[in-house]
Amino acid sequence: MRGQGASTRSIVVFVMIVLAICLGVVAVRLRARREPPLVSSPNGVRVEPWESEPVAEGGAGVGDEANEPDGSQRVAIADSGAEESVGDPCEPVVLPARERGARGGSLLPSEAEVRAMIRGLLVDLEGRPVEGYVTMEHVAGDPNGVPASAFAIVEPDYWPPAGLLGCARDVSGTLGRRFLWPQSDPNEELVLVLEPCASVIGHVVGTDRKPIPDVRLDLQTQMLDGSWRGGDMALDAPLIDEEGYFVFDRVPVGLKVKVTAHRGTMSGQSRRMDITPGEMVDAGEITMTGRRPGEGVVQGRITDELGRPMAERSIRIRLGRNAQWLRTDAGGYFVLTELPQGRPITLVLEVDGYGSWSRRVVPDDFNCDFRLCPQGYDVVGREAPPLFVGNWFNHTATTLAALRGRVVLLTFRSFDRDIDPGLAQLCDLQNEYDPQKLQIIAAYNYLPGSSSVAAAVITDHLTSLFAGAPIAGILDADPALVADLMPAERPAGAGAGATHWMYQVHTRPAFYLIDRAGVVRHCTGSDAELGTWIEQLLAE
């Protein structure tokens, strides 16, 4: 009996210890949720977590801009771990509170919105809002299609350990900032301080000290894990003269960079550099050395819509996250070297006036030709291709054949945060005409099923946008439906949906006017002459 009593007491003591540990863990987690930490990124950008406090009656809540007692917002920069105020270091810079969203009411975001969106503000060194653009890796479409000082980006599903690379710039392209966005649990607000862009210069030589002018130059960025990633760090293509001297213009500040040079199986790189705003940074001399045999080569010819070679043209080619500028020769040919072997790769080609084109190739392909056409070139003057629709908004499902006898304006759109700023003008245009004479249809990107949260958010936005609107809205269908119609070279916009491909959409917004007989008569990227063209087609 005495032994059994001792055993019972031991069990009770053990249970009490386990309960105490569990209660301690719960208390720590609750405290962490109540007190989110301030996060300072390594690239000169301050990020502030979204708070989760309840909205008091008559007061500012989560998502409202009243972060200061007087209803303003304080902007700060984190530099080497030390916090500073923008402008006068002795006085904090206070910005006016931003207006509420287009939907009105409280800006208190739902749990899904908080997790799905990265929000922020662009300011100059004086703390004043600056209108500009923000882009980020692995974000579908352009999250900031028109210039604005406030932005919101749908968080990508893919989070590499090295972080995601983003770029912000003003409308003129003279101010900018490059930044890294790490994966984070709480949603955070970015304040990106735009500073004057810089230039990077240098000189490329061989081991014999003779200049090497014909090289491929790349400006690489140091990532969170210390690795280096290439890409379009500068806003302009690099220039190199016959003596091997090069310059990168309009390089955004914010991250360490280095210059790499490649020619055939030879390569070289510069020292690591900090970018000083508004100044010229000297990368020094880059010596080309080494041979790496066995790397893949792709060669091809670029022609226009009439089959003429695009001779002596500057083109930009992207391979994954890396990009480079090169120039075609007198016959329109280009050559890419140092490509990975043993697997297919996707090249994306960009040429001014022709948009982006992509092609799946295998290295050591010496017949990688591109025939480029302006937007809508093979569509205008022909019967309008059918619509492939994933969802209809504010309209019953229909077809272009059923709309014969009416003029149809089909416009391909993109989002600016959670609104389409051009939608109001289209509604006004539709209201001017009898719906039995004119039908306007606005088409948006196909939404892959892999991102259910983003699909739900965008679908909700479209449902709200088109509620009560006189025009119809559609979400495009899976481009795989028309994959067998696509040639090897295709506009990169084909991935936006089956209808995008059928109308050969390169850039957005795009407007296609279809006459009463169902023939595409006009294609344009501007709404300036839409009214005139509609009157002409209605009068026919």
# chains A, B, ... in the order shown; residues from 1 in each chain; ligands from 1
call {"tool": "residues_around", "arguments": {"residues": "Asp170 (chain A)", "least_positions_apart": "4", "cutoff": "9 Å", "atoms": "only C-alpha atoms", "output": "ChimeraX atom specification"}}
result
/A:122,130-134,147-149,174-176,194
call {"tool": "select_by_dssp", "arguments": {"residues": "region 106-307 of chain A", "states": "strand (DSSP E or B)", "output": "VMD selection string"}}
result
chain A and resid 117 to 123 129 132 to 136 144 148 150 to 154 164 to 170 175 to 181 188 to 193 195 to 196 198 to 206 211 216 to 222 228 to 229 239 to 240 245 to 251 253 257 to 263 266 to 269 273 280 to 289 296 to 303
call {"tool": "residues_around", "arguments": {"residues": "region 324-334 of chain A", "least_positions_apart": "6", "cutoff": "8 Å", "atoms": "only C-alpha atoms", "output": "list in words"}}
result
Arg216, Leu217, Asp218, Gly231, Asp232, Ala237, Pro238, Gln299, Gly300, Arg301, Ile302, Thr303, Pro309, Met310, Ala311, Glu312, Arg313, Ser314, Ile315, Arg316, Ile317 and Arg318 of chain A
call {"tool": "write_last_selection", "arguments": {"atoms": "C-alpha atoms", "output": "PDB file, in the first residue's frame"}}
result
ATOM      1  CA  ARG A 216      27.733  40.372 -72.521  1.00  0.00           C
ATOM      2  CA  LEU A 217      27.435  42.507 -69.393  1.00  0.00           C
ATOM      3  CA  ASP A 218      25.214  41.803 -66.408  1.00  0.00           C
ATOM      4  CA  GLY A 231      18.812  40.508 -64.077  1.00  0.00           C
ATOM      5  CA  ASP A 232      17.647  43.923 -65.227  1.00  0.00           C
ATOM      6  CA  ALA A 237      20.606  48.556 -71.437  1.00  0.00           C
ATOM      7  CA  PRO A 238      24.372  48.702 -70.775  1.00  0.00           C
ATOM      8  CA  GLN A 299      21.442  30.816 -82.361  1.00  0.00           C
ATOM      9  CA  GLY A 300      18.603  32.208 -84.428  1.00  0.00           C
ATOM     10  CA  ARG A 301      17.261  34.935 -86.668  1.00  0.00           C
ATOM     11  CA  ILE A 302      14.675  37.585 -85.866  1.00  0.00           C
ATOM     12  CA  THR A 303      12.349  38.810 -88.632  1.00  0.00           C
ATOM     13  CA  PRO A 309      15.427  40.665 -90.891  1.00  0.00           C
ATOM     14  CA  MET A 310      15.581  42.913 -87.830  1.00  0.00           C
ATOM     15  CA  ALA A 311      19.136  44.039 -88.423  1.00  0.00           C
ATOM     16  CA  GLU A 312      21.247  45.934 -85.893  1.00  0.00           C
ATOM     17  CA  ARG A 313      18.435  45.968 -83.321  1.00  0.00           C
ATOM     18  CA  SER A 314      18.879  46.032 -79.549  1.00  0.00           C
ATOM     19  CA  ILE A 315      16.950  43.168 -77.978  1.00  0.00           C
ATOM     20  CA  ARG A 316      16.532  41.962 -74.422  1.00  0.00           C
ATOM     21  CA  ILE A 317      16.473  38.250 -73.656  1.00  0.00           C
ATOM     22  CA  ARG A 318      15.344  36.754 -70.366  1.00  0.00           C
TER      23      ARG A 318
END
call {"tool": "residues_around", "arguments": {"residues": "Cys167 (chain A)", "least_positions_apart": "3", "cutoff": "9 Å", "atoms": "only C-alpha atoms", "output": "PyMOL selection string"}}
result
chain A and resi 133-136+176-180+233+252
call {"tool": "write_last_selection", "arguments": {"atoms": "N, CA and C atoms", "output": "PDB file, in the first residue's frame"}}
result
ATOM      1  N   TYR A 133       6.146  53.210 -59.907  1.00  0.00           N
ATOM      2  CA  TYR A 133       5.809  51.818 -60.192  1.00  0.00           C
ATOM      3  C   TYR A 133       6.583  50.904 -59.246  1.00  0.00           C
ATOM      4  N   VAL A 134       5.983  49.770 -58.909  1.00  0.00           N
ATOM      5  CA  VAL A 134       6.641  48.754 -58.084  1.00  0.00           C
ATOM      6  C   VAL A 134       6.455  47.404 -58.763  1.00  0.00           C
ATOM      7  N   THR A 135       7.542  46.658 -58.908  1.00  0.00           N
ATOM      8  CA  THR A 135       7.474  45.314 -59.458  1.00  0.00           C
ATOM      9  C   THR A 135       8.193  44.360 -58.515  1.00  0.00           C
ATOM     10  N   MET A 136       7.828  43.092 -58.577  1.00  0.00           N
ATOM     11  CA  MET A 136       8.454  42.090 -57.714  1.00  0.00           C
ATOM     12  C   MET A 136       8.484  40.756 -58.448  1.00  0.00           C
ATOM     13  N   GLY A 176      14.771  55.778 -57.780  1.00  0.00           N
ATOM     14  CA  GLY A 176      14.471  54.358 -57.675  1.00  0.00           C
ATOM     15  C   GLY A 176      15.011  53.748 -56.405  1.00  0.00           C
ATOM     16  N   ARG A 177      14.600  52.520 -56.157  1.00  0.00           N
ATOM     17  CA  ARG A 177      15.140  51.726 -55.046  1.00  0.00           C
ATOM     18  C   ARG A 177      14.930  50.264 -55.370  1.00  0.00           C
ATOM     19  N   ARG A 178      15.980  49.489 -55.161  1.00  0.00           N
ATOM     20  CA  ARG A 178      15.936  48.039 -55.291  1.00  0.00           C
ATOM     21  C   ARG A 178      15.827  47.475 -53.882  1.00  0.00           C
ATOM     22  N   PHE A 179      15.001  46.447 -53.669  1.00  0.00           N
ATOM     23  CA  PHE A 179      14.813  45.930 -52.316  1.00  0.00           C
ATOM     24  C   PHE A 179      14.612  44.426 -52.354  1.00  0.00           C
ATOM     25  N   LEU A 180      14.847  43.791 -51.204  1.00  0.00           N
ATOM     26  CA  LEU A 180      14.635  42.356 -51.033  1.00  0.00           C
ATOM     27  C   LEU A 180      13.494  42.152 -50.054  1.00  0.00           C
ATOM     28  N   MET A 233      18.898  44.928 -63.409  1.00  0.00           N
ATOM     29  CA  MET A 233      19.101  45.825 -62.281  1.00  0.00           C
ATOM     30  C   MET A 233      19.023  47.280 -62.729  1.00  0.00           C
ATOM     31  N   PRO A 252      19.095  51.690 -59.843  1.00  0.00           N
ATOM     32  CA  PRO A 252      18.451  52.013 -58.566  1.00  0.00           C
ATOM     33  C   PRO A 252      19.367  51.700 -57.384  1.00  0.00           C
TER      34      PRO A 252
END
call {"tool": "atom_distance", "arguments": {"atom1": "CA of Glu126 (chain A)", "atom2": "CA of Glu195 (chain A)"}}
result
10.3 Å
call {"tool": "residues_around", "arguments": {"residues": "Thr289 (chain A)", "least_positions_apart": "5", "cutoff": "10 Å", "atoms": "only C-alpha atoms", "output": "PyMOL selection string"}}
result
chain A and resi 205-207+262-263+265-269
call {"tool": "write_last_selection", "arguments": {"atoms": "C-alpha atoms", "output": "PDB file, in the first residue's frame"}}
result
ATOM      1  CA  VAL A 205      40.186  43.678 -70.861  1.00  0.00           C
ATOM      2  CA  GLY A 206      41.795  40.310 -71.514  1.00  0.00           C
ATOM      3  CA  THR A 207      44.751  38.748 -69.747  1.00  0.00           C
ATOM      4  CA  HIS A 262      30.900  36.946 -70.528  1.00  0.00           C
ATOM      5  CA  ARG A 263      32.156  36.154 -73.988  1.00  0.00           C
ATOM      6  CA  THR A 265      33.697  30.481 -72.603  1.00  0.00           C
ATOM      7  CA  MET A 266      35.502  33.438 -70.983  1.00  0.00           C
ATOM      8  CA  SER A 267      34.218  35.452 -68.050  1.00  0.00           C
ATOM      9  CA  GLY A 268      35.213  38.078 -65.493  1.00  0.00           C
ATOM     10  CA  GLN A 269      33.665  40.061 -62.675  1.00  0.00           C
TER      11      GLN A 269
END
call {"tool": "residues_around", "arguments": {"residues": "Glu243 (chain A)", "least_positions_apart": "3", "cutoff": "9 Å", "atoms": "only C-alpha atoms", "output": "VMD selection string"}}
result
chain A and resid 203 to 205 210 to 213 240 246
call {"tool": "residues_around", "arguments": {"residues": "Arg250 (chain A)", "least_positions_apart": "6", "cutoff": "9 Å", "atoms": "only C-alpha atoms", "output": "ChimeraX atom specification"}}
result
/A:173-176,196-200,234-236,278
